[in-house]
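Source file input_4.csv; content: CSV, C-alpha atoms.
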chain,number,residue,atom,x,y,z
D,4,MET,CA,-10.4,-28.5,22.0
D,5,LEU,CA,-9.4,-25.4,20.1
D,6,ALA,CA,-7.7,-23.9,23.2
D,7,ALA,CA,-5.7,-27.1,23.5
D,8,VAL,CA,-4.5,-26.9,19.9
D,9,ILE,CA,-3.6,-23.2,20.3
D,10,HIS,CA,-1.7,-24.0,23.5
D,11,HIS,CA,0.2,-26.8,21.7
D,12,VAL,CA,1.2,-24.5,18.9
D,13,HIS,CA,2.4,-21.9,21.4
D,14,GLU,CA,4.4,-24.5,23.3
D,15,ILE,CA,6.2,-25.5,20.1
D,16,ALA,CA,6.8,-21.8,19.2
D,17,ALA,CA,8.3,-21.3,22.6
D,18,GLU,CA,10.6,-24.3,22.0
D,19,VAL,CA,11.8,-22.7,18.7
D,20,ILE,CA,12.5,-19.4,20.4
D,21,ARG,CA,14.5,-21.1,23.2
D,22,ASN,CA,16.6,-22.9,20.5
D,23,THR,CA,17.2,-19.7,18.5
D,24,GLY,CA,20.4,-17.7,19.0
D,25,LYS,CA,23.1,-15.7,17.1
D,26,ASP,CA,24.6,-18.9,15.8
D,27,LYS,CA,21.3,-20.5,14.9
D,28,PRO,CA,18.8,-18.2,13.1
D,29,ALA,CA,15.1,-18.5,13.8
D,30,ASP,CA,14.3,-20.2,10.5
D,31,ALA,CA,17.0,-22.9,11.1
D,32,ALA,CA,15.7,-23.5,14.7
D,33,LEU,CA,12.2,-23.6,13.3
D,34,ARG,CA,13.0,-26.3,10.8
D,35,GLU,CA,14.9,-28.3,13.4
D,36,VAL,CA,12.1,-28.2,16.0
D,37,LEU,CA,9.3,-28.9,13.5
D,38,ARG,CA,11.1,-32.0,12.2
D,39,SER,CA,10.5,-33.5,15.7
D,40,PHE,CA,6.8,-32.9,15.4
D,41,ARG,CA,6.0,-34.9,12.3
D,42,ASP,CA,2.3,-35.2,13.1
D,43,LEU,CA,1.8,-31.5,13.2
D,44,ALA,CA,-0.8,-30.3,10.6
D,45,PRO,CA,0.5,-27.9,7.9
D,46,PHE,CA,-1.8,-25.2,9.3
D,47,ASP,CA,-0.4,-25.6,12.8
D,48,ALA,CA,3.1,-25.5,11.5
D,49,THR,CA,2.3,-22.3,9.7
D,50,GLU,CA,0.9,-20.8,13.0
D,51,VAL,CA,4.1,-21.9,14.8
D,52,ALA,CA,6.2,-20.0,12.3
D,53,LYS,CA,4.0,-17.0,12.4
D,54,THR,CA,4.2,-16.9,16.2
D,55,VAL,CA,8.0,-17.2,16.2
D,56,PHE,CA,8.4,-14.3,13.8
D,57,ILE,CA,5.8,-12.1,15.6
D,58,TYR,CA,7.9,-12.6,18.8
D,59,TYR,CA,11.1,-11.2,17.1
D,60,ARG,CA,9.1,-8.5,15.4
D,61,TRP,CA,8.2,-7.1,18.8
D,62,HIS,CA,11.4,-8.2,20.5
D,63,VAL,CA,12.4,-4.9,22.1
D,64,TRP,CA,8.9,-4.3,23.6
D,65,LEU,CA,9.2,-7.6,25.5
D,66,ARG,CA,12.4,-6.9,27.5
D,67,ASP,CA,10.6,-6.3,30.8
D,68,GLU,CA,8.6,-9.5,30.6
D,69,ARG,CA,9.9,-12.6,32.3
D,70,GLY,CA,9.9,-16.0,30.6
D,71,VAL,CA,9.5,-17.0,27.0
D,72,GLU,CA,5.8,-17.8,27.3
D,73,SER,CA,4.9,-14.5,28.9
D,74,LYS,CA,7.0,-12.6,26.3
D,75,MET,CA,5.3,-14.5,23.5
D,76,ARG,CA,1.8,-13.7,24.8
D,77,LEU,CA,2.6,-10.0,24.9
D,78,ALA,CA,4.0,-10.1,21.4
D,79,LEU,CA,0.8,-11.6,20.1
D,80,ARG,CA,-1.2,-8.9,21.9
D,81,LEU,CA,1.0,-6.1,20.5
D,82,ASN,CA,0.7,-7.6,17.0
D,83,GLN,CA,-3.0,-7.7,17.2
D,84,ARG,CA,-3.2,-4.1,18.4
D,85,PHE,CA,-1.0,-3.1,15.4
D,86,GLN,CA,-3.2,-5.0,13.0
D,87,ASP,CA,-6.3,-3.3,14.4
D,88,ASN,CA,-4.8,0.2,14.4
D,89,GLU,CA,-1.3,0.9,13.2
D,90,ALA,CA,-1.6,4.5,14.4
D,91,SER,CA,-1.7,3.4,18.0
D,92,PHE,CA,2.0,3.1,17.7
D,93,SER,CA,3.8,6.4,17.3
D,94,LEU,CA,6.6,6.9,14.8
D,95,ALA,CA,8.9,7.8,17.6
D,96,GLU,CA,8.2,4.5,19.3
D,97,LEU,CA,8.9,2.5,16.2
D,98,ARG,CA,12.2,4.4,15.6
D,99,ASP,CA,13.2,3.6,19.1
D,100,LYS,CA,12.1,-0.1,19.2
D,101,ALA,CA,11.5,-1.6,15.7
D,102,VAL,CA,15.1,-1.4,14.5
D,103,PRO,CA,18.5,-1.3,16.2
D,104,PRO,CA,19.9,2.1,17.1
D,105,TRP,CA,22.7,2.0,14.5
D,106,THR,CA,20.3,1.7,11.6
D,107,ALA,CA,19.9,5.5,11.1
D,108,GLU,CA,23.6,5.9,10.7
D,109,PHE,CA,23.7,3.6,7.7
D,110,LEU,CA,20.5,4.4,5.7
D,111,GLU,CA,18.0,7.2,5.3
D,112,PHE,CA,14.4,6.0,5.7
D,113,GLU,CA,10.9,7.2,6.0
D,114,GLY,CA,8.4,6.3,8.7
D,115,ASP,CA,6.5,4.2,6.2
D,116,TRP,CA,9.4,1.8,6.1
D,117,LEU,CA,9.2,1.3,9.9
D,118,TYR,CA,5.5,0.6,9.8
D,119,SER,CA,6.0,-1.8,7.0
D,120,LEU,CA,8.5,-3.8,9.0
D,121,GLN,CA,5.8,-4.6,11.7
D,122,ARG,CA,3.3,-5.9,9.1
D,123,GLU,CA,2.9,-9.6,8.2
D,124,PRO,CA,4.9,-10.3,5.1
D,125,GLN,CA,3.2,-11.1,1.9
D,126,LEU,CA,3.7,-14.5,0.1
D,127,TRP,CA,4.5,-14.1,-3.6
D,128,LEU,CA,4.5,-16.6,-6.4
D,129,ARG,CA,5.9,-16.3,-9.9
D,130,ALA,CA,4.0,-18.1,-12.6
D,131,LYS,CA,5.5,-19.3,-15.8
D,132,ARG,CA,5.8,-16.5,-18.3
D,133,GLY,CA,2.3,-15.5,-19.5
D,134,GLN,CA,0.5,-18.2,-17.4
D,135,ALA,CA,-0.5,-16.1,-14.3
D,136,GLY,CA,-4.2,-16.0,-15.5
D,137,VAL,CA,-4.2,-19.8,-15.9
D,138,LEU,CA,-2.6,-20.4,-12.5
D,139,VAL,CA,-4.9,-18.0,-10.6
D,140,ASP,CA,-7.8,-20.2,-11.7
D,141,LYS,CA,-6.2,-23.3,-10.2
D,142,LEU,CA,-5.0,-21.9,-6.8
D,143,ALA,CA,-7.6,-20.7,-4.4
D,144,GLY,CA,-6.3,-17.6,-2.6
D,145,ALA,CA,-4.0,-16.5,-5.4
D,146,GLU,CA,-4.5,-13.1,-7.1
D,147,ILE,CA,-2.6,-11.5,-10.0
D,148,SER,CA,-0.5,-8.4,-9.0
D,149,PRO,CA,-0.8,-5.3,-11.2
D,150,LEU,CA,2.8,-4.4,-10.3
D,151,LEU,CA,4.7,-7.0,-12.3
D,152,PRO,CA,4.0,-9.6,-15.0
D,153,ASP,CA,3.6,-13.1,-13.8
D,154,ALA,CA,3.6,-12.1,-10.1
D,155,LEU,CA,0.8,-13.5,-7.9
D,156,ARG,CA,0.0,-12.7,-4.2
D,157,TYR,CA,-1.0,-15.8,-2.3
D,158,ARG,CA,-3.5,-15.5,0.6
D,159,GLY,CA,-4.6,-19.1,0.7
D,160,GLU,CA,-4.0,-21.8,3.3
D,161,GLU,CA,-3.0,-24.7,1.1
D,162,ASP,CA,0.5,-26.3,1.4
D,163,LEU,CA,1.8,-25.0,-1.9
D,164,PHE,CA,4.7,-27.5,-2.0
D,165,LYS,CA,2.1,-30.4,-2.2
D,166,THR,CA,0.1,-29.0,-5.1
D,167,PRO,CA,0.2,-30.6,-8.5
D,168,GLU,CA,0.9,-27.2,-10.0
D,169,PHE,CA,4.1,-26.8,-8.0
D,170,HIS,CA,5.4,-30.3,-8.9
D,171,ALA,CA,4.6,-29.6,-12.5
D,172,GLY,CA,6.8,-26.5,-12.4
D,173,GLU,CA,4.0,-24.1,-13.1
D,174,PHE,CA,5.1,-21.7,-10.4
D,175,GLU,CA,7.9,-20.8,-8.0
D,176,ILE,CA,7.6,-19.2,-4.6
D,177,GLN,CA,9.6,-16.0,-5.1
D,178,ASP,CA,9.4,-12.6,-3.5
D,179,ILE,CA,8.2,-9.8,-5.8
D,180,ALA,CA,11.4,-7.8,-5.3
D,181,SER,CA,13.5,-10.8,-6.4
D,182,GLN,CA,11.3,-11.2,-9.5
D,183,LEU,CA,11.8,-7.5,-10.3
D,184,VAL,CA,15.6,-8.0,-10.4
D,185,SER,CA,15.3,-10.5,-13.2
D,186,TRP,CA,12.9,-8.3,-15.1
D,187,LEU,CA,15.4,-5.4,-14.8
D,188,CYS,CA,18.1,-7.7,-16.2
D,189,ALA,CA,15.9,-7.9,-19.4
D,190,PRO,CA,17.7,-10.9,-20.9
D,191,SER,CA,16.8,-11.9,-24.5
D,192,PRO,CA,16.4,-15.4,-25.9
D,193,GLY,CA,19.7,-16.8,-27.2
D,194,GLU,CA,21.9,-14.6,-25.0
D,195,THR,CA,24.6,-15.9,-22.7
D,196,TRP,CA,24.3,-14.9,-19.0
D,197,TRP,CA,26.1,-15.6,-15.7
D,198,ASP,CA,24.2,-15.7,-12.4
D,199,THR,CA,27.3,-15.4,-10.2
D,200,CYS,CA,25.8,-15.9,-6.8
D,201,ALA,CA,22.9,-18.1,-7.8
D,202,GLY,CA,22.2,-19.7,-4.4
D,203,GLU,CA,19.3,-22.1,-4.9
D,204,GLY,CA,18.5,-20.7,-8.3
D,205,GLY,CA,15.4,-18.5,-8.0
D,206,LYS,CA,16.8,-15.8,-10.3
D,207,THR,CA,18.4,-18.4,-12.6
D,208,LEU,CA,15.0,-20.0,-13.2
D,209,HIS,CA,13.4,-16.6,-13.8
D,210,LEU,CA,16.2,-15.6,-16.3
D,211,SER,CA,15.7,-18.8,-18.1
D,212,ASP,CA,11.9,-18.3,-18.3
D,213,LEU,CA,12.4,-14.7,-19.7
D,214,MET,CA,14.9,-16.2,-22.2
D,215,GLN,CA,12.3,-18.8,-23.3
D,216,ASN,CA,14.7,-21.5,-22.2
D,217,LYS,CA,17.1,-20.5,-25.1
D,218,GLY,CA,20.7,-19.4,-25.0
D,219,LEU,CA,22.8,-20.3,-22.0
D,220,ILE,CA,23.0,-19.4,-18.3
D,221,TRP,CA,26.0,-20.1,-16.1
D,222,ALA,CA,24.9,-20.5,-12.4
D,223,THR,CA,27.6,-20.5,-9.8
D,224,ASP,CA,27.8,-20.4,-6.0
D,225,ARG,CA,30.3,-20.9,-3.2
D,226,ALA,CA,28.1,-23.6,-1.5
D,227,GLU,CA,27.8,-27.0,-3.2
D,228,TRP,CA,24.6,-27.8,-1.3
D,229,ARG,CA,22.9,-24.8,-2.8
D,230,LEU,CA,23.9,-25.9,-6.3
D,231,GLN,CA,22.4,-29.3,-5.5
D,232,LYS,CA,19.1,-27.7,-4.6
D,233,LEU,CA,19.3,-25.6,-7.8
D,234,LYS,CA,19.7,-28.9,-9.8
D,235,ARG,CA,16.5,-30.2,-8.3
D,236,ARG,CA,14.6,-27.0,-8.9
D,237,THR,CA,15.7,-26.7,-12.6
D,238,GLY,CA,14.6,-30.3,-13.1
D,239,ARG,CA,11.1,-29.6,-11.8
D,240,ALA,CA,10.9,-26.4,-13.7
D,241,LYS,CA,12.1,-28.0,-16.9
D,242,VAL,CA,15.0,-25.5,-17.3
D,243,PHE,CA,17.6,-26.9,-19.7
D,244,ASN,CA,19.6,-23.9,-20.8
D,245,TYR,CA,22.0,-23.7,-17.8
D,246,ARG,CA,25.1,-25.2,-16.5
D,247,SER,CA,26.2,-24.9,-12.8
D,248,ALA,CA,29.7,-24.6,-11.3
D,249,PHE,CA,31.3,-23.9,-8.0
D,250,TRP,CA,32.9,-20.4,-7.7
D,251,ASP,CA,34.1,-19.0,-4.4
D,252,GLY,CA,33.9,-15.4,-5.6
D,253,GLY,CA,37.7,-15.1,-6.0
D,254,LYS,CA,39.8,-13.9,-8.9
D,255,LYS,CA,40.0,-17.4,-10.5
D,256,LEU,CA,36.8,-17.5,-12.6
D,257,PRO,CA,34.9,-20.7,-13.4
D,258,THR,CA,34.9,-20.1,-17.1
D,259,LYS,CA,36.6,-17.9,-19.8
D,260,THR,CA,33.3,-17.3,-21.4
D,261,ARG,CA,32.4,-13.7,-22.2
D,262,PHE,CA,28.8,-12.9,-21.4
D,263,ASP,CA,26.0,-10.7,-22.8
D,264,GLY,CA,24.9,-10.2,-19.2
D,265,VAL,CA,26.3,-10.8,-15.7
D,266,LEU,CA,24.1,-10.7,-12.6
D,267,VAL,CA,25.8,-10.2,-9.3
D,268,ASP,CA,23.1,-10.8,-6.7
D,269,ALA,CA,25.7,-10.3,-3.9
D,270,PRO,CA,25.9,-11.5,-0.3
D,271,CYS,CA,24.7,-8.6,1.9
D,272,SER,CA,23.5,-7.6,5.3
D,273,GLY,CA,19.9,-8.5,4.4
D,274,ILE,CA,18.3,-5.4,5.9
D,275,GLY,CA,15.8,-5.5,3.1
D,276,THR,CA,14.4,-8.7,4.5
D,277,TRP,CA,13.9,-7.5,8.1
D,278,GLN,CA,10.1,-7.7,7.7
D,279,ARG,CA,10.2,-11.4,6.7
D,280,ASN,CA,13.2,-12.2,8.9
D,281,PRO,CA,12.8,-10.1,12.0
D,282,GLN,CA,15.3,-11.9,14.1
D,283,ALA,CA,18.1,-10.6,11.8
D,284,ARG,CA,17.4,-7.1,13.1
D,285,TRP,CA,19.0,-8.1,16.4
D,286,THR,CA,21.9,-10.3,15.0
D,287,THR,CA,23.1,-8.1,12.2
D,288,SER,CA,25.8,-5.6,13.1
D,289,PRO,CA,27.6,-2.6,11.6
D,290,ASN,CA,30.7,-4.7,11.2
D,291,ASP,CA,28.7,-7.1,9.0
D,292,VAL,CA,27.8,-4.1,6.8
D,293,HIS,CA,31.4,-3.1,6.4
D,294,GLU,CA,32.7,-6.6,5.7
D,295,LEU,CA,30.1,-7.3,3.1
D,296,SER,CA,30.7,-4.0,1.4
D,297,VAL,CA,34.3,-5.1,0.8
D,298,ILE,CA,33.1,-8.5,-0.6
D,299,GLN,CA,30.6,-6.8,-2.9
D,300,LYS,CA,33.3,-4.5,-4.4
D,301,ASN,CA,35.6,-7.5,-4.9
D,302,LEU,CA,32.9,-9.5,-6.6
D,303,LEU,CA,32.2,-6.7,-9.1
D,304,ALA,CA,35.9,-6.2,-9.9
D,305,HIS,CA,36.4,-10.0,-10.4
D,306,VAL,CA,33.5,-10.5,-12.8
D,307,ALA,CA,33.8,-7.2,-14.8
D,308,PRO,CA,36.3,-8.7,-17.4
D,309,SER,CA,33.7,-11.4,-18.2
D,310,VAL,CA,31.2,-8.9,-19.7
D,311,LYS,CA,31.3,-8.5,-23.5
D,312,PRO,CA,31.7,-5.1,-25.0
D,313,GLY,CA,28.2,-3.8,-25.1
D,314,GLY,CA,27.1,-6.3,-22.5
D,315,LYS,CA,25.3,-5.6,-19.2
D,316,LEU,CA,26.5,-5.9,-15.6
D,317,ILE,CA,23.7,-5.9,-13.0
D,318,PHE,CA,24.3,-5.6,-9.3
D,319,SER,CA,21.6,-6.4,-6.8
D,320,VAL,CA,21.4,-6.7,-3.0
D,321,CYS,CA,18.5,-7.2,-0.6
D,322,THR,CA,19.7,-4.4,1.6
D,323,LEU,CA,19.4,-0.6,1.8
D,324,THR,CA,22.5,0.7,3.5
D,325,ARG,CA,24.6,3.3,1.8
D,326,SER,CA,27.8,1.2,2.2
D,327,GLU,CA,26.2,-1.6,0.2
D,328,THR,CA,24.4,0.5,-2.4
D,329,THR,CA,25.4,4.0,-3.6
D,330,GLU,CA,28.9,3.7,-2.2
D,331,ILE,CA,29.4,0.4,-4.2
D,332,VAL,CA,28.2,2.2,-7.3
D,333,GLU,CA,30.5,5.2,-6.7
D,334,HIS,CA,33.5,2.9,-6.2
D,335,PHE,CA,32.8,0.9,-9.3
D,336,ASN,CA,32.3,4.0,-11.4
D,337,ALA,CA,35.7,5.3,-10.2
D,338,SER,CA,37.6,2.1,-10.7
D,339,GLN,CA,36.1,0.7,-13.9
D,340,PRO,CA,36.3,3.3,-16.6
D,341,GLU,CA,35.5,0.7,-19.3
D,342,PHE,CA,31.9,0.7,-18.0
D,343,GLU,CA,29.2,3.3,-18.1
D,344,PRO,CA,26.0,3.5,-16.1
D,345,MET,CA,23.1,2.0,-18.0
D,346,ARG,CA,19.5,3.0,-17.5
D,347,LEU,CA,17.3,0.2,-16.1
D,348,PRO,CA,14.2,-0.7,-18.0
D,349,GLU,CA,11.0,1.1,-17.0
D,350,ILE,CA,8.5,-1.3,-15.5
D,351,SER,CA,5.0,-0.4,-14.3
D,352,GLY,CA,5.0,-0.3,-10.6
D,353,PRO,CA,4.0,1.8,-7.6
D,354,PRO,CA,4.0,5.6,-8.4
D,355,GLY,CA,7.5,7.1,-8.4
D,356,THR,CA,9.3,3.7,-8.4
D,357,SER,CA,9.7,3.1,-12.2
D,358,THR,CA,11.5,6.1,-13.6
D,359,PRO,CA,14.4,4.9,-15.9
D,360,ALA,CA,17.7,5.3,-14.1
D,361,PRO,CA,21.0,3.4,-13.6
D,362,THR,CA,20.0,2.6,-10.0
D,363,ARG,CA,16.8,1.7,-8.2
D,364,TYR,CA,15.8,1.2,-4.6
D,365,ILE,CA,12.9,-1.2,-4.1
D,366,TRP,CA,11.3,-0.3,-0.8
D,367,PRO,CA,9.1,-2.8,1.1
D,368,GLN,CA,6.3,-0.2,1.7
D,369,ALA,CA,6.0,0.4,-2.0
D,370,TRP,CA,6.1,-3.2,-3.3
D,371,ALA,CA,4.9,-5.2,-0.3
D,372,GLY,CA,8.0,-7.4,-0.6
D,373,ASN,CA,11.6,-7.4,0.4
D,374,GLY,CA,13.8,-4.3,0.1
D,375,MET,CA,16.3,-4.4,-2.7
D,376,PHE,CA,18.8,-2.2,-4.5
D,377,VAL,CA,19.7,-2.6,-8.2
D,378,ALA,CA,22.4,-0.9,-10.3
D,379,ALA,CA,23.3,-1.4,-13.9
D,380,TRP,CA,26.3,-0.8,-16.2
D,381,GLN,CA,27.1,-1.5,-19.8
D,382,ARG,CA,30.6,-2.3,-21.0
D,383,LYS,CA,31.7,0.3,-23.5
D,384,LYS,CA,32.0,-0.9,-27.1
D,385,ALA,CA,35.4,-0.8,-28.6
D,386,HIS,CA,35.7,1.9,-31.3
D,387,PRO,CA,37.5,1.0,-34.5
D,388,ALA,CA,40.9,2.6,-34.9
D,389,ALA,CA,40.9,5.6,-37.2
D,390,GLY,CA,42.4,4.8,-40.6

Before anything else, please render the file you have as structure tokens.
Amino acid sequence: MLAAVIHHVHEIAAEVIRNTGKDKPADAALREVLRSFRDLAPFDATEVAKTVFIYYRWHVWLRDERGVESKMRLALRLNQRFQDNEASFSLAELRDKAVPPWTAEFLEFEGDWLYSLQREPQLWLRAKRGQAGVLVDKLAGAEISPLLPDALRYRGEEDLFKTPEFHAGEFEIQDIASQLVSWLCAPSPGETWWDTCAGEGGKTLHLSDLMQNKGLIWATDRAEWRLQKLKRRTGRAKVFNYRSAFWDGGKKLPTKTRFDGVLVDAPCSGIGTWQRNPQARWTTSPNDVHELSVIQKNLLAHVAPSVKPGGKLIFSVCTLTRSETTEIVEHFNASQPEFEPMRLPEISGPPGTSTPAPTRYIWPQAWAGNGMFVAAWQRKKAHPAAG
């Protein structure tokens, strides 16, 4: 009976893989195929997703195998071998096969990063401010992280979207690196903030929680469907201090408001998510990096006038390439003299990761989450004219 169930799961996973391509990411193909298997148990659906992502995590190792099923079985064996003994894979082998060849041209990385990419990603939750202890008593398999306030690692098997705690808005599913960005913004209750590329609202909700639902947050995005999801999420989380608007990232801004803080969580190549989204390793290209770097520079230039004197401008990307991180900072420093680098707050975290500085890399091997880069500036205050 168990063998039949496993075979069924593998058949569905193979169907997802056959439907995945450059124009259809693995997660989109996964959602599409799973919709046609409505009677699939949540645990089996999780196993299908895990199998699909294991396949792409070991993609290069599978090239000599014929047929999707054969490749998938080899991927599962390789994954098990890695879990049993990571050292059985040499660093040279991982450099050659775990990432595309162009990666080394765009970022400097340690071997620890390559090993982290082949591990199963962690599932992170964000409890309402100060409620992590209460939530961990309600959710079996949840444990409080010592790295960040309100962050919980979840190892349980329950369908979190069906829990009463989720529907009551007691927690969000949010990667720890994403949570860290909002903490580094350090908003205060009563301030006015702009989350410029809000997406479905993960950081908007967190900023509101840190602001104790006081003040005002503008949340904008270039996709109306994302703003609709944000509206549903804010309703469930009981977030009231926000307003949403469409903004395409151009020079015409959605409001003339001047802000205490602006967060530009910019579109990027997503290299920091390669552990969680391994198919992207083989669809992302150097041209994507170059094009997105231009977009990021333009976004910062467009929003800079909206920052009040003395206000903050925070830039974040879930990537690690020089073109999208330090080069963006250098370009902004050279082109925006009315801003000065601002030290990010010190937050307890892995050793060597929390030193106050205007920029911060968040590496997956240190935080067990996505890779991120964060930079901060403050708009210089106008000095009164000498009398």

Report task. Calculate how many Å separate CA of Ala17 in chain D from CA of Gln125 in chain D, rounding to one decimal. Result -> 23.6 Å

Report summary line: Closest of D:Val306, D:Leu347, D:Leu233, D:Ala101 to Arg284 in chain D, counting all atoms listed in the file, is D:Ala101

Could you work out an axis-aligned box for range 186-194 of chain D, taking every atom the file lists and adding 5 Å on each side, and report centre and edge lengths in Å to one decimal, as AutoDock Vina command-line options?
--center_x 17.4 --center_y -11.1 --center_z -21.0 --size_x 19.0 --size_y 21.4 --size_z 22.4

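Using only C-alpha atoms, the residues found no farther than 10 Å from Phe249 in chain D, other than those of its own chain fewer than 6 positions away, are D:Thr199, D:Cys200, D:Ala222, D:Thr223, D:Asp224, D:Arg225, D:Ala226, D:Glu227, D:Arg229, D:Leu230, D:Leu256, D:Pro257.
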
Report summary line: Computed gap from CA of Pro192 in chain D to CA of Thr260 in chain D is 17.6 Å

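CA of Pro167 in chain D sits 22.2 Å away from CA of Asp42 in chain D.
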
Report summary line: The residue from D:Leu316, D:Ile57, D:Val102, D:Ala248 with the smallest atom-to-atom distance to Pro190 in chain D, counting only C-alpha atoms, is D:Leu316

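Omitting Ala135 in chain D and its sequence neighbours fewer than 4 positions away, and counting only C-alpha atoms, the residues within 10 Å are Leu128, Arg129, Ala130, Lys131, Val139, Asp140, Ala145, Glu146, Ile147, Ser148, Pro152, Asp153, Ala154, Leu155, Glu173 and Phe174 of chain D.
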
With C-alpha atoms retained, export the selected residues as a PDB file, keeping the file's coordinate frame.
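Final file, out-v6.pdb:
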ATOM      1  CA  LEU D 128       4.500 -16.600  -6.400  1.00  0.00           C
ATOM      2  CA  ARG D 129       5.900 -16.300  -9.900  1.00  0.00           C
ATOM      3  CA  ALA D 130       4.000 -18.100 -12.600  1.00  0.00           C
ATOM      4  CA  LYS D 131       5.500 -19.300 -15.800  1.00  0.00           C
ATOM      5  CA  VAL D 139      -4.900 -18.000 -10.600  1.00  0.00           C
ATOM      6  CA  ASP D 140      -7.800 -20.200 -11.700  1.00  0.00           C
ATOM      7  CA  ALA D 145      -4.000 -16.500  -5.400  1.00  0.00           C
ATOM      8  CA  GLU D 146      -4.500 -13.100  -7.100  1.00  0.00           C
ATOM      9  CA  ILE D 147      -2.600 -11.500 -10.000  1.00  0.00           C
ATOM     10  CA  SER D 148      -0.500  -8.400  -9.000  1.00  0.00           C
ATOM     11  CA  PRO D 152       4.000  -9.600 -15.000  1.00  0.00           C
ATOM     12  CA  ASP D 153       3.600 -13.100 -13.800  1.00  0.00           C
ATOM     13  CA  ALA D 154       3.600 -12.100 -10.100  1.00  0.00           C
ATOM     14  CA  LEU D 155       0.800 -13.500  -7.900  1.00  0.00           C
ATOM     15  CA  GLU D 173       4.000 -24.100 -13.100  1.00  0.00           C
ATOM     16  CA  PHE D 174       5.100 -21.700 -10.400  1.00  0.00           C
TER      17      PHE D 174
END

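Within the 12 Å cut-off around Arg38 in chain D, using only C-alpha atoms and omitting residues fewer than 5 positions from it on the same chain, the listed residues are Ile15, Val19, Ala31, Ala32, Leu33, Leu43 and Ala48 of chain D.
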